[in-house]
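Peer 1: You'll find model19.cif just under this line, and it carries mmCIF, C-alpha atoms; chains and numbers go by the auth columns.
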```cif
data_entry
loop_
_atom_site.group_PDB
_atom_site.id
_atom_site.type_symbol
_atom_site.label_atom_id
_atom_site.label_comp_id
_atom_site.label_asym_id
_atom_site.label_seq_id
_atom_site.Cartn_x
_atom_site.Cartn_y
_atom_site.Cartn_z
_atom_site.B_iso_or_equiv
_atom_site.auth_seq_id
_atom_site.auth_asym_id
ATOM 1 C CA MET A 1 10.116 -24.288 -110.477 0.00 1 A
ATOM 2 C CA ARG A 2 9.366 -27.889 -109.581 0.00 2 A
ATOM 3 C CA LYS A 3 9.609 -27.053 -105.862 0.00 3 A
ATOM 4 C CA ILE A 4 7.186 -24.143 -106.222 0.00 4 A
ATOM 5 C CA PHE A 5 4.753 -26.354 -108.124 0.00 5 A
ATOM 6 C CA LYS A 6 5.006 -29.041 -105.452 0.00 6 A
ATOM 7 C CA LEU A 7 4.295 -26.550 -102.670 0.00 7 A
ATOM 8 C CA GLY A 8 1.550 -24.656 -104.479 0.00 8 A
ATOM 9 C CA LEU A 9 -0.450 -27.477 -106.055 0.00 9 A
ATOM 10 C CA PRO A 10 -2.012 -28.851 -102.820 0.00 10 A
ATOM 11 C CA VAL A 11 -3.108 -25.359 -101.764 0.00 11 A
ATOM 12 C CA ALA A 12 -4.517 -24.629 -105.226 0.00 12 A
ATOM 13 C CA MET A 13 -6.436 -27.906 -105.277 0.00 13 A
ATOM 14 C CA GLN A 14 -7.812 -27.210 -101.817 0.00 14 A
ATOM 15 C CA SER A 15 -9.096 -23.790 -102.901 0.00 15 A
ATOM 16 C CA ILE A 16 -10.659 -25.147 -106.096 0.00 16 A
ATOM 17 C CA LEU A 17 -12.371 -28.059 -104.359 0.00 17 A
ATOM 18 C CA PHE A 18 -13.519 -25.843 -101.489 0.00 18 A
ATOM 19 C CA ALA A 19 -15.377 -23.659 -104.003 0.00 19 A
ATOM 20 C CA ILE A 20 -16.929 -26.731 -105.649 0.00 20 A
ATOM 21 C CA PHE A 21 -18.021 -28.190 -102.305 0.00 21 A
ATOM 22 C CA ALA A 22 -19.510 -24.820 -101.315 0.00 22 A
ATOM 23 C CA MET A 23 -21.618 -24.744 -104.496 0.00 23 A
ATOM 24 C CA ILE A 24 -22.896 -28.277 -103.860 0.00 24 A
ATOM 25 C CA LEU A 25 -23.810 -27.357 -100.287 0.00 25 A
ATOM 26 C CA ALA A 26 -25.587 -24.234 -101.556 0.00 26 A
ATOM 27 C CA ARG A 27 -27.631 -26.446 -103.854 0.00 27 A
ATOM 28 C CA ILE A 28 -28.583 -28.635 -100.897 0.00 28 A
ATOM 29 C CA VAL A 29 -29.564 -25.549 -98.881 0.00 29 A
ATOM 30 C CA GLY A 30 -31.641 -24.418 -101.868 0.00 30 A
ATOM 31 C CA ARG A 31 -34.134 -27.194 -101.091 0.00 31 A
ATOM 32 C CA TRP A 32 -35.495 -24.887 -98.377 0.00 32 A
ATOM 33 C CA GLY A 33 -35.828 -21.843 -100.618 0.00 33 A
ATOM 34 C CA ALA A 34 -33.931 -18.651 -101.398 0.00 34 A
ATOM 35 C CA LEU A 35 -33.868 -17.217 -97.879 0.00 35 A
ATOM 36 C CA PRO A 36 -31.558 -19.889 -96.402 0.00 36 A
ATOM 37 C CA ILE A 37 -29.104 -19.371 -99.269 0.00 37 A
ATOM 38 C CA ALA A 38 -29.022 -15.630 -98.569 0.00 38 A
ATOM 39 C CA VAL A 39 -28.653 -16.270 -94.836 0.00 39 A
ATOM 40 C CA GLN A 40 -25.771 -18.683 -95.377 0.00 40 A
ATOM 41 C CA SER A 41 -24.037 -16.272 -97.750 0.00 41 A
ATOM 42 C CA VAL A 42 -24.310 -13.311 -95.367 0.00 42 A
ATOM 43 C CA GLY A 43 -23.433 -15.487 -92.374 0.00 43 A
ATOM 44 C CA ALA A 44 -20.263 -16.683 -94.072 0.00 44 A
ATOM 45 C CA GLN A 45 -19.230 -13.052 -94.572 0.00 45 A
ATOM 46 C CA ILE A 46 -19.887 -12.290 -90.908 0.00 46 A
ATOM 47 C CA GLU A 47 -17.628 -15.222 -90.024 0.00 47 A
ATOM 48 C CA ALA A 48 -14.785 -13.215 -91.543 0.00 48 A
ATOM 49 C CA LEU A 49 -14.487 -11.622 -88.097 0.00 49 A
ATOM 50 C CA SER A 50 -12.642 -14.725 -86.993 0.00 50 A
ATOM 51 C CA TRP A 51 -11.189 -16.375 -90.066 0.00 51 A
ATOM 52 C CA MET A 52 -9.678 -13.212 -91.527 0.00 52 A
ATOM 53 C CA THR A 53 -8.051 -12.443 -88.190 0.00 53 A
ATOM 54 C CA ALA A 54 -6.788 -16.012 -87.922 0.00 54 A
ATOM 55 C CA SER A 55 -5.451 -15.779 -91.489 0.00 55 A
ATOM 56 C CA GLY A 56 -3.390 -12.762 -90.448 0.00 56 A
ATOM 57 C CA PHE A 57 -1.914 -14.738 -87.555 0.00 57 A
ATOM 58 C CA ALA A 58 -1.274 -17.663 -89.932 0.00 58 A
ATOM 59 C CA THR A 59 0.646 -15.435 -92.345 0.00 59 A
ATOM 60 C CA ALA A 60 2.800 -14.080 -89.519 0.00 60 A
ATOM 61 C CA LEU A 61 3.365 -17.572 -88.120 0.00 61 A
ATOM 62 C CA GLY A 62 4.326 -18.908 -91.539 0.00 62 A
ATOM 63 C CA ALA A 63 7.046 -16.241 -91.901 0.00 63 A
ATOM 64 C CA PHE A 64 8.258 -16.803 -88.329 0.00 64 A
ATOM 65 C CA VAL A 65 8.350 -20.588 -88.683 0.00 65 A
ATOM 66 C CA GLY A 66 10.062 -20.393 -92.081 0.00 66 A
ATOM 67 C CA GLN A 67 12.825 -18.210 -90.674 0.00 67 A
ATOM 68 C CA ASN A 68 13.468 -20.506 -87.730 0.00 68 A
ATOM 69 C CA PHE A 69 13.074 -23.669 -89.796 0.00 69 A
ATOM 70 C CA GLY A 70 15.977 -22.534 -91.960 0.00 70 A
ATOM 71 C CA ALA A 71 18.035 -22.010 -88.804 0.00 71 A
ATOM 72 C CA ALA A 72 16.908 -25.375 -87.331 0.00 72 A
ATOM 73 C CA LYS A 73 15.522 -23.609 -84.239 0.00 73 A
ATOM 74 C CA TRP A 74 12.674 -25.949 -83.462 0.00 74 A
ATOM 75 C CA GLU A 75 12.322 -24.677 -79.914 0.00 75 A
ATOM 76 C CA ARG A 76 11.350 -21.263 -81.299 0.00 76 A
ATOM 77 C CA ILE A 77 9.038 -22.882 -83.838 0.00 77 A
ATOM 78 C CA TYR A 78 7.317 -24.810 -81.053 0.00 78 A
ATOM 79 C CA LYS A 79 7.005 -21.729 -78.864 0.00 79 A
ATOM 80 C CA GLY A 80 5.763 -19.495 -81.677 0.00 80 A
ATOM 81 C CA PHE A 81 3.281 -22.132 -82.809 0.00 81 A
ATOM 82 C CA LEU A 82 1.656 -22.503 -79.383 0.00 82 A
ATOM 83 C CA ILE A 83 1.530 -18.766 -78.737 0.00 83 A
ATOM 84 C CA THR A 84 0.034 -17.990 -82.155 0.00 84 A
ATOM 85 C CA VAL A 85 -2.551 -20.758 -81.944 0.00 85 A
ATOM 86 C CA GLY A 86 -3.388 -19.505 -78.464 0.00 86 A
ATOM 87 C CA LEU A 87 -3.923 -15.944 -79.712 0.00 87 A
ATOM 88 C CA SER A 88 -6.029 -17.185 -82.621 0.00 88 A
ATOM 89 C CA SER A 89 -8.086 -19.320 -80.258 0.00 89 A
ATOM 90 C CA VAL A 90 -8.798 -16.292 -78.065 0.00 90 A
ATOM 91 C CA VAL A 91 -10.191 -14.513 -81.130 0.00 91 A
ATOM 92 C CA GLY A 92 -12.249 -17.591 -81.992 0.00 92 A
ATOM 93 C CA PHE A 93 -13.525 -17.830 -78.419 0.00 93 A
ATOM 94 C CA ILE A 94 -14.651 -14.187 -78.355 0.00 94 A
ATOM 95 C CA VAL A 95 -16.353 -14.433 -81.745 0.00 95 A
ATOM 96 C CA GLY A 96 -17.909 -17.766 -80.751 0.00 96 A
ATOM 97 C CA ILE A 97 -19.390 -16.246 -77.598 0.00 97 A
ATOM 98 C CA LEU A 98 -20.704 -13.358 -79.688 0.00 98 A
ATOM 99 C CA PHE A 99 -22.317 -15.701 -82.224 0.00 99 A
ATOM 100 C CA VAL A 100 -23.801 -18.128 -79.703 0.00 100 A
ATOM 101 C CA GLY A 101 -25.076 -15.512 -77.291 0.00 101 A
ATOM 102 C CA PHE A 102 -25.977 -12.634 -79.607 0.00 102 A
ATOM 103 C CA GLY A 103 -26.364 -14.230 -83.044 0.00 103 A
ATOM 104 C CA GLN A 104 -29.641 -12.563 -83.928 0.00 104 A
ATOM 105 C CA GLN A 105 -28.431 -9.128 -82.868 0.00 105 A
ATOM 106 C CA VAL A 106 -25.255 -9.499 -84.922 0.00 106 A
ATOM 107 C CA PHE A 107 -27.113 -10.758 -87.982 0.00 107 A
ATOM 108 C CA GLY A 108 -29.716 -8.004 -87.640 0.00 108 A
ATOM 109 C CA ILE A 109 -27.031 -5.409 -88.296 0.00 109 A
ATOM 110 C CA PHE A 110 -26.785 -6.621 -91.897 0.00 110 A
ATOM 111 C CA ILE A 111 -30.324 -7.775 -92.741 0.00 111 A
ATOM 112 C CA PRO A 112 -33.274 -6.151 -90.927 0.00 112 A
ATOM 113 C CA GLU A 113 -35.999 -8.629 -91.952 0.00 113 A
ATOM 114 C CA PRO A 114 -37.380 -10.656 -88.992 0.00 114 A
ATOM 115 C CA ASP A 115 -37.373 -14.050 -90.769 0.00 115 A
ATOM 116 C CA ALA A 116 -33.792 -13.577 -91.922 0.00 116 A
ATOM 117 C CA ILE A 117 -32.709 -12.429 -88.461 0.00 117 A
ATOM 118 C CA GLN A 118 -34.215 -15.488 -86.793 0.00 118 A
ATOM 119 C CA MET A 119 -32.683 -17.906 -89.296 0.00 119 A
ATOM 120 C CA GLY A 120 -29.373 -16.040 -89.380 0.00 120 A
ATOM 121 C CA GLY A 121 -29.150 -16.097 -85.602 0.00 121 A
ATOM 122 C CA LYS A 122 -29.482 -19.867 -85.699 0.00 122 A
ATOM 123 C CA TYR A 123 -26.774 -20.117 -88.375 0.00 123 A
ATOM 124 C CA LEU A 124 -24.352 -18.013 -86.317 0.00 124 A
ATOM 125 C CA GLU A 125 -25.162 -19.949 -83.162 0.00 125 A
ATOM 126 C CA ILE A 126 -24.367 -23.298 -84.791 0.00 126 A
ATOM 127 C CA LEU A 127 -21.175 -21.998 -86.412 0.00 127 A
ATOM 128 C CA GLY A 128 -20.217 -20.232 -83.193 0.00 128 A
ATOM 129 C CA TYR A 129 -19.370 -23.542 -81.525 0.00 129 A
ATOM 130 C CA SER A 130 -16.622 -24.187 -84.085 0.00 130 A
ATOM 131 C CA GLN A 131 -14.961 -20.760 -84.201 0.00 131 A
ATOM 132 C CA ILE A 132 -12.102 -21.681 -81.869 0.00 132 A
ATOM 133 C CA PHE A 133 -11.313 -24.807 -83.879 0.00 133 A
ATOM 134 C CA MET A 134 -11.537 -22.993 -87.202 0.00 134 A
ATOM 135 C CA CYS A 135 -8.995 -20.453 -85.928 0.00 135 A
ATOM 136 C CA MET A 136 -6.766 -23.305 -84.730 0.00 136 A
ATOM 137 C CA GLU A 137 -6.950 -24.909 -88.165 0.00 137 A
ATOM 138 C CA ILE A 138 -6.050 -21.714 -90.016 0.00 138 A
ATOM 139 C CA ALA A 139 -3.173 -20.831 -87.685 0.00 139 A
ATOM 140 C CA THR A 140 -1.769 -24.364 -87.785 0.00 140 A
ATOM 141 C CA SER A 141 -1.890 -24.317 -91.586 0.00 141 A
ATOM 142 C CA GLY A 142 0.443 -21.323 -91.431 0.00 142 A
ATOM 143 C CA ALA A 143 2.893 -23.342 -89.340 0.00 143 A
ATOM 144 C CA PHE A 144 2.843 -26.217 -91.839 0.00 144 A
ATOM 145 C CA ASN A 145 3.395 -23.782 -94.708 0.00 145 A
ATOM 146 C CA GLY A 146 6.368 -22.316 -92.853 0.00 146 A
ATOM 147 C CA ILE A 147 8.194 -25.653 -92.834 0.00 147 A
ATOM 148 C CA GLY A 148 7.326 -26.274 -96.471 0.00 148 A
ATOM 149 C CA ARG A 149 4.757 -29.008 -95.819 0.00 149 A
ATOM 150 C CA THR A 150 1.614 -27.778 -97.533 0.00 150 A
ATOM 151 C CA MET A 151 0.261 -31.288 -98.060 0.00 151 A
ATOM 152 C CA PRO A 152 -1.077 -32.053 -94.516 0.00 152 A
ATOM 153 C CA PRO A 153 -3.421 -29.021 -94.311 0.00 153 A
ATOM 154 C CA SER A 154 -4.619 -29.717 -97.841 0.00 154 A
ATOM 155 C CA ILE A 155 -5.284 -33.390 -97.173 0.00 155 A
ATOM 156 C CA ILE A 156 -7.242 -32.647 -93.996 0.00 156 A
ATOM 157 C CA GLY A 157 -8.993 -29.669 -95.560 0.00 157 A
ATOM 158 C CA ILE A 158 -10.073 -31.459 -98.741 0.00 158 A
ATOM 159 C CA THR A 159 -11.111 -34.668 -96.973 0.00 159 A
ATOM 160 C CA LEU A 160 -13.196 -33.121 -94.208 0.00 160 A
ATOM 161 C CA THR A 161 -14.623 -30.311 -96.321 0.00 161 A
ATOM 162 C CA GLY A 162 -15.701 -32.962 -98.817 0.00 162 A
ATOM 163 C CA MET A 163 -17.257 -34.937 -95.974 0.00 163 A
ATOM 164 C CA ARG A 164 -19.619 -32.030 -95.393 0.00 164 A
ATOM 165 C CA ILE A 165 -21.713 -33.088 -98.371 0.00 165 A
ATOM 166 C CA PRO A 166 -22.693 -36.626 -97.256 0.00 166 A
ATOM 167 C CA LEU A 167 -22.873 -35.472 -93.635 0.00 167 A
ATOM 168 C CA ALA A 168 -25.197 -32.620 -94.605 0.00 168 A
ATOM 169 C CA LEU A 169 -27.451 -35.010 -96.521 0.00 169 A
ATOM 170 C CA VAL A 170 -27.589 -37.441 -93.607 0.00 170 A
ATOM 171 C CA LEU A 171 -28.263 -34.798 -90.958 0.00 171 A
ATOM 172 C CA ALA A 172 -30.650 -32.708 -93.076 0.00 172 A
ATOM 173 C CA LEU A 173 -32.658 -35.439 -94.768 0.00 173 A
ATOM 174 C CA GLY A 174 -32.176 -38.376 -92.418 0.00 174 A
ATOM 175 C CA THR A 175 -32.952 -36.625 -89.127 0.00 175 A
ATOM 176 C CA SER A 176 -35.386 -34.035 -87.808 0.00 176 A
ATOM 177 C CA LEU A 177 -32.756 -31.287 -88.054 0.00 177 A
ATOM 178 C CA GLY A 178 -33.671 -30.353 -91.598 0.00 178 A
ATOM 179 C CA LEU A 179 -31.849 -27.237 -92.792 0.00 179 A
ATOM 180 C CA LEU A 180 -29.965 -26.974 -89.503 0.00 180 A
ATOM 181 C CA GLY A 181 -28.334 -30.318 -90.304 0.00 181 A
ATOM 182 C CA VAL A 182 -26.488 -28.708 -93.219 0.00 182 A
ATOM 183 C CA TRP A 183 -25.089 -26.029 -90.942 0.00 183 A
ATOM 184 C CA TRP A 184 -24.176 -28.558 -88.272 0.00 184 A
ATOM 185 C CA SER A 185 -22.140 -30.396 -90.918 0.00 185 A
ATOM 186 C CA LEU A 186 -20.106 -27.204 -91.414 0.00 186 A
ATOM 187 C CA SER A 187 -19.520 -26.767 -87.706 0.00 187 A
ATOM 188 C CA LEU A 188 -18.672 -30.397 -86.913 0.00 188 A
ATOM 189 C CA THR A 189 -16.159 -30.742 -89.742 0.00 189 A
ATOM 190 C CA SER A 190 -14.483 -27.452 -88.729 0.00 190 A
ATOM 191 C CA ILE A 191 -14.068 -28.813 -85.213 0.00 191 A
ATOM 192 C CA LEU A 192 -12.472 -31.994 -86.551 0.00 192 A
ATOM 193 C CA LYS A 193 -10.134 -30.101 -88.884 0.00 193 A
ATOM 194 C CA GLY A 194 -8.906 -27.888 -86.070 0.00 194 A
ATOM 195 C CA ILE A 195 -8.250 -30.761 -83.678 0.00 195 A
ATOM 196 C CA ILE A 196 -6.542 -33.049 -86.210 0.00 196 A
ATOM 197 C CA LEU A 197 -4.268 -30.385 -87.678 0.00 197 A
ATOM 198 C CA PHE A 198 -3.259 -29.030 -84.270 0.00 198 A
ATOM 199 C CA VAL A 199 -2.403 -32.498 -82.925 0.00 199 A
ATOM 200 C CA TRP A 200 -0.502 -33.341 -86.135 0.00 200 A
ATOM 201 C CA PHE A 201 1.787 -30.305 -85.959 0.00 201 A
ATOM 202 C CA TYR A 202 2.109 -30.464 -82.177 0.00 202 A
ATOM 203 C CA ARG A 203 3.366 -34.046 -82.350 0.00 203 A
ATOM 204 C CA LEU A 204 5.686 -33.134 -85.228 0.00 204 A
ATOM 205 C CA ALA A 205 7.181 -30.245 -83.251 0.00 205 A
ATOM 206 C CA THR A 206 7.476 -32.041 -79.913 0.00 206 A
ATOM 207 C CA LYS A 207 9.097 -35.143 -81.380 0.00 207 A
ATOM 208 C CA HIS A 208 11.673 -33.257 -83.453 0.00 208 A
ATOM 209 C CA PRO A 209 15.204 -33.883 -82.110 0.00 209 A
ATOM 210 C CA ASP A 210 16.149 -30.208 -82.474 0.00 210 A
ATOM 211 C CA ASN A 211 13.344 -29.076 -80.167 0.00 211 A
ATOM 212 C CA LEU A 212 15.317 -28.254 -77.037 0.00 212 A
ATOM 213 C CA ALA A 213 12.149 -27.335 -75.149 0.00 213 A
ATOM 214 C CA MET A 214 11.152 -30.994 -75.063 0.00 214 A
ATOM 215 C CA GLN A 215 14.496 -32.189 -73.736 0.00 215 A
ATOM 216 C CA GLY A 216 13.580 -30.749 -70.326 0.00 216 A
ATOM 217 C CA ARG A 217 9.911 -31.677 -70.186 0.00 217 A
ATOM 218 C CA PRO A 218 9.220 -30.185 -66.741 0.00 218 A
ATOM 219 C CA LEU A 219 10.171 -26.769 -68.136 0.00 219 A
ATOM 220 C CA GLN A 220 8.447 -27.044 -71.493 0.00 220 A
ATOM 221 C CA PHE A 221 5.540 -24.750 -70.594 0.00 221 A
ATOM 222 C CA ILE A 222 7.765 -22.346 -68.608 0.00 222 A
ATOM 223 C CA ARG A 223 9.772 -21.887 -71.801 0.00 223 A
ATOM 224 C CA LEU A 224 6.743 -20.297 -73.426 0.00 224 A
ATOM 225 C CA ILE A 225 7.159 -17.336 -71.048 0.00 225 A
ATOM 226 C CA PRO A 226 9.534 -14.639 -72.396 0.00 226 A
ATOM 227 C CA ASN A 227 13.046 -14.751 -70.867 0.00 227 A
ATOM 228 C CA ARG A 228 12.775 -11.311 -69.240 0.00 228 A
ATOM 229 C CA ILE A 229 9.617 -12.273 -67.335 0.00 229 A
ATOM 230 C CA ARG A 230 11.050 -15.664 -66.325 0.00 230 A
ATOM 231 C CA GLN A 231 14.160 -14.034 -64.904 0.00 231 A
ATOM 232 C CA GLN A 232 12.333 -11.204 -63.149 0.00 232 A
ATOM 233 C CA PHE A 233 9.446 -13.088 -61.545 0.00 233 A
ATOM 234 C CA LEU A 234 10.427 -16.766 -61.544 0.00 234 A
ATOM 235 C CA GLY A 235 14.202 -16.590 -61.215 0.00 235 A
ATOM 236 C CA ILE A 236 14.502 -19.087 -64.088 0.00 236 A
ATOM 237 C CA LYS A 237 16.800 -18.583 -67.037 0.00 237 A
ATOM 238 C CA THR A 238 16.816 -20.848 -70.076 0.00 238 A
ATOM 239 C CA LYS A 239 18.724 -20.711 -73.297 0.00 239 A
#
```
Render the structure in this file as structure tokens.

Peer 2:
Amino acid sequence: MRKIFKLGLPVAMQSILFAIFAMILARIVGRWGALPIAVQSVGAQIEALSWMTASGFATALGAFVGQNFGAAKWERIYKGFLITVGLSSVVGFIVGILFVGFGQQVFGIFIPEPDAIQMGGKYLEILGYSQIFMCMEIATSGAFNGIGRTMPPSIIGITLTGMRIPLALVLALGTSLGLLGVWWSLSLTSILKGIILFVWFYRLATKHPDNLAMQGRPLQFIRLIPNRIRQQFLGIKTK
């Protein structure tokens, strides 16, 4: 029971504080009227294209990592982590391109009003730049959960999500960005969360003594290729 509480509390606190931070940011956005609040709400739902997909990858990675963590197979953890983050990043890249290049068209599917489409297109464009990193963050959180370390994603998530509030105030009220400054605070902090979490787990996995992939560094990236393909096309066989 104590172990479950220890693992679940950081995640629960992150979810609770995320909701509180979101309400505070909505209040800041409310300075510009009701339309921006509606745009941000709908835009966040459209973002589910990437974060729900990444959450699915994170769930699968968490199960895969947990299985191999129990067997002390850190080479498989390392390989599965990089492949899953790579797949999630591809999803984030595609959605990011869609948001940046066709934000207004995408938003217009849900709200037909011209003012909302113009503002919503700008929201999706700004958030589009962070989609890859958001997917990296979500997928990496699954890897941390798989090894029973729920604290690192929660620490990074709570800290940088909380930083959105002062950053939004500075960018929105202290610069010429105005409302766009609030949305840039969302995008910038997502980028930071993705980078920090990925580097944290990557260093943890590569420095682990049971990670056989890192004992032969010249072959570490070749090891990411399935054995059958390595043998057939490269003539390389690894354990």

Peer 1: Using all atoms listed in the file, which residues of segment 66-117 of chain A come within 10 Å of segment 187-201 of chain A, and what is the closest atom pair for each, with the distance in Å to one decimal? Give it as a Markdown table, sorted by chain and residue number.

Peer 2:
```
| residue | atom | partner | partner_atom | distance |
| --- | --- | --- | --- | --- |
| A:Tyr78 | CA | A:Phe201 | CA | 9.2 |
| A:Phe81 | CA | A:Phe201 | CA | 8.9 |
| A:Leu82 | CA | A:Phe198 | CA | 9.5 |
| A:Val85 | CA | A:Phe198 | CA | 8.6 |
```

Peer 1: Using only C-alpha atoms, which protein or nucleic acid residues come within 6 Å of segment 128-145 of chain A? Drop anything in the same chain fewer than 3 positions from it, and give the result as a list in words.

Peer 2: Ala54, Ala58, Thr59, Leu61, Gly62, Val85, Ser88, Ser89, Gly92, Phe93, Gly96, Phe99, Val100, Leu124, Glu125, Gly148, Arg149, Thr150, Pro153, Ser187, Ser190, Ile191 and Gly194 of chain A

Peer 1: Please indicate the distance in Å from atom CA of Thr161 of chain A to atom CA of Thr53 of chain A, rounded to one decimal place.

Peer 2: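 Spanning atom CA of Thr161 of chain A to atom CA of Thr53 of chain A is a straight-line distance of 20.7 Å.
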
Peer 1: Interatomic distance between atom CA of Gln14 of chain A and atom CA of Gln40 of chain A?

Peer 2: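 If I compute the distance from atom CA of Gln14 of chain A to atom CA of Gln40 of chain A, I get 20.9 Å.
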
Peer 1: Grab the atom CA of Val95 of chain A to atom CA of Ala48 of chain A distance for me, in Å with one decimal place.

Peer 2: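 Atom-to-atom, atom CA of Val95 of chain A and atom CA of Ala48 of chain A are spaced 10.0 Å apart.
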
Peer 1: Which residue is closest to Met163 of chain A? Choose from A:Asn211, A:Phe69, A:Met151, A:Val182 and count all atoms listed in the file.

Peer 2: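 Distance minimum relative to Met163 of chain A lands on A:Val182.
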
Peer 1: What would the selection look like, as a PyMOL selection string, if the PyMOL selection byres ((chain A and resi 31-37) around 12) were run on the coordinates I just shared?

Peer 2: chain A and resi 22-30+38-44+111+113-123+169+172-173+178-180+182-183

Peer 1: Using all atoms listed in the file, find the one residue out of A:Pro10, A:Leu127, A:Ala168, A:Val91 that sits nearest to Gly56 of chain A.

Peer 2: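 Using all atoms listed in the file, Gly56 of chain A sits closest to A:Val91.
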
Peer 1: Emit as JSON the padded axis-aligned box for all listed atoms of segment 90-103 of chain A, 6 Å per side, with centre and edge lengths in Å to one decimal.

Peer 2:
```
{"center_x": -17.6, "center_y": -15.4, "center_z": -80.2, "size_x": 29.6, "size_y": 17.5, "size_z": 17.8}
```

Peer 1: Applying 8 Å and only C-alpha atoms, which residues near Ile77 of chain A remain after dropping the ones on its own chain fewer than 5 positions away? List them as a ChimeraX atom specification.

Peer 2: /A:64-65,68-69,205
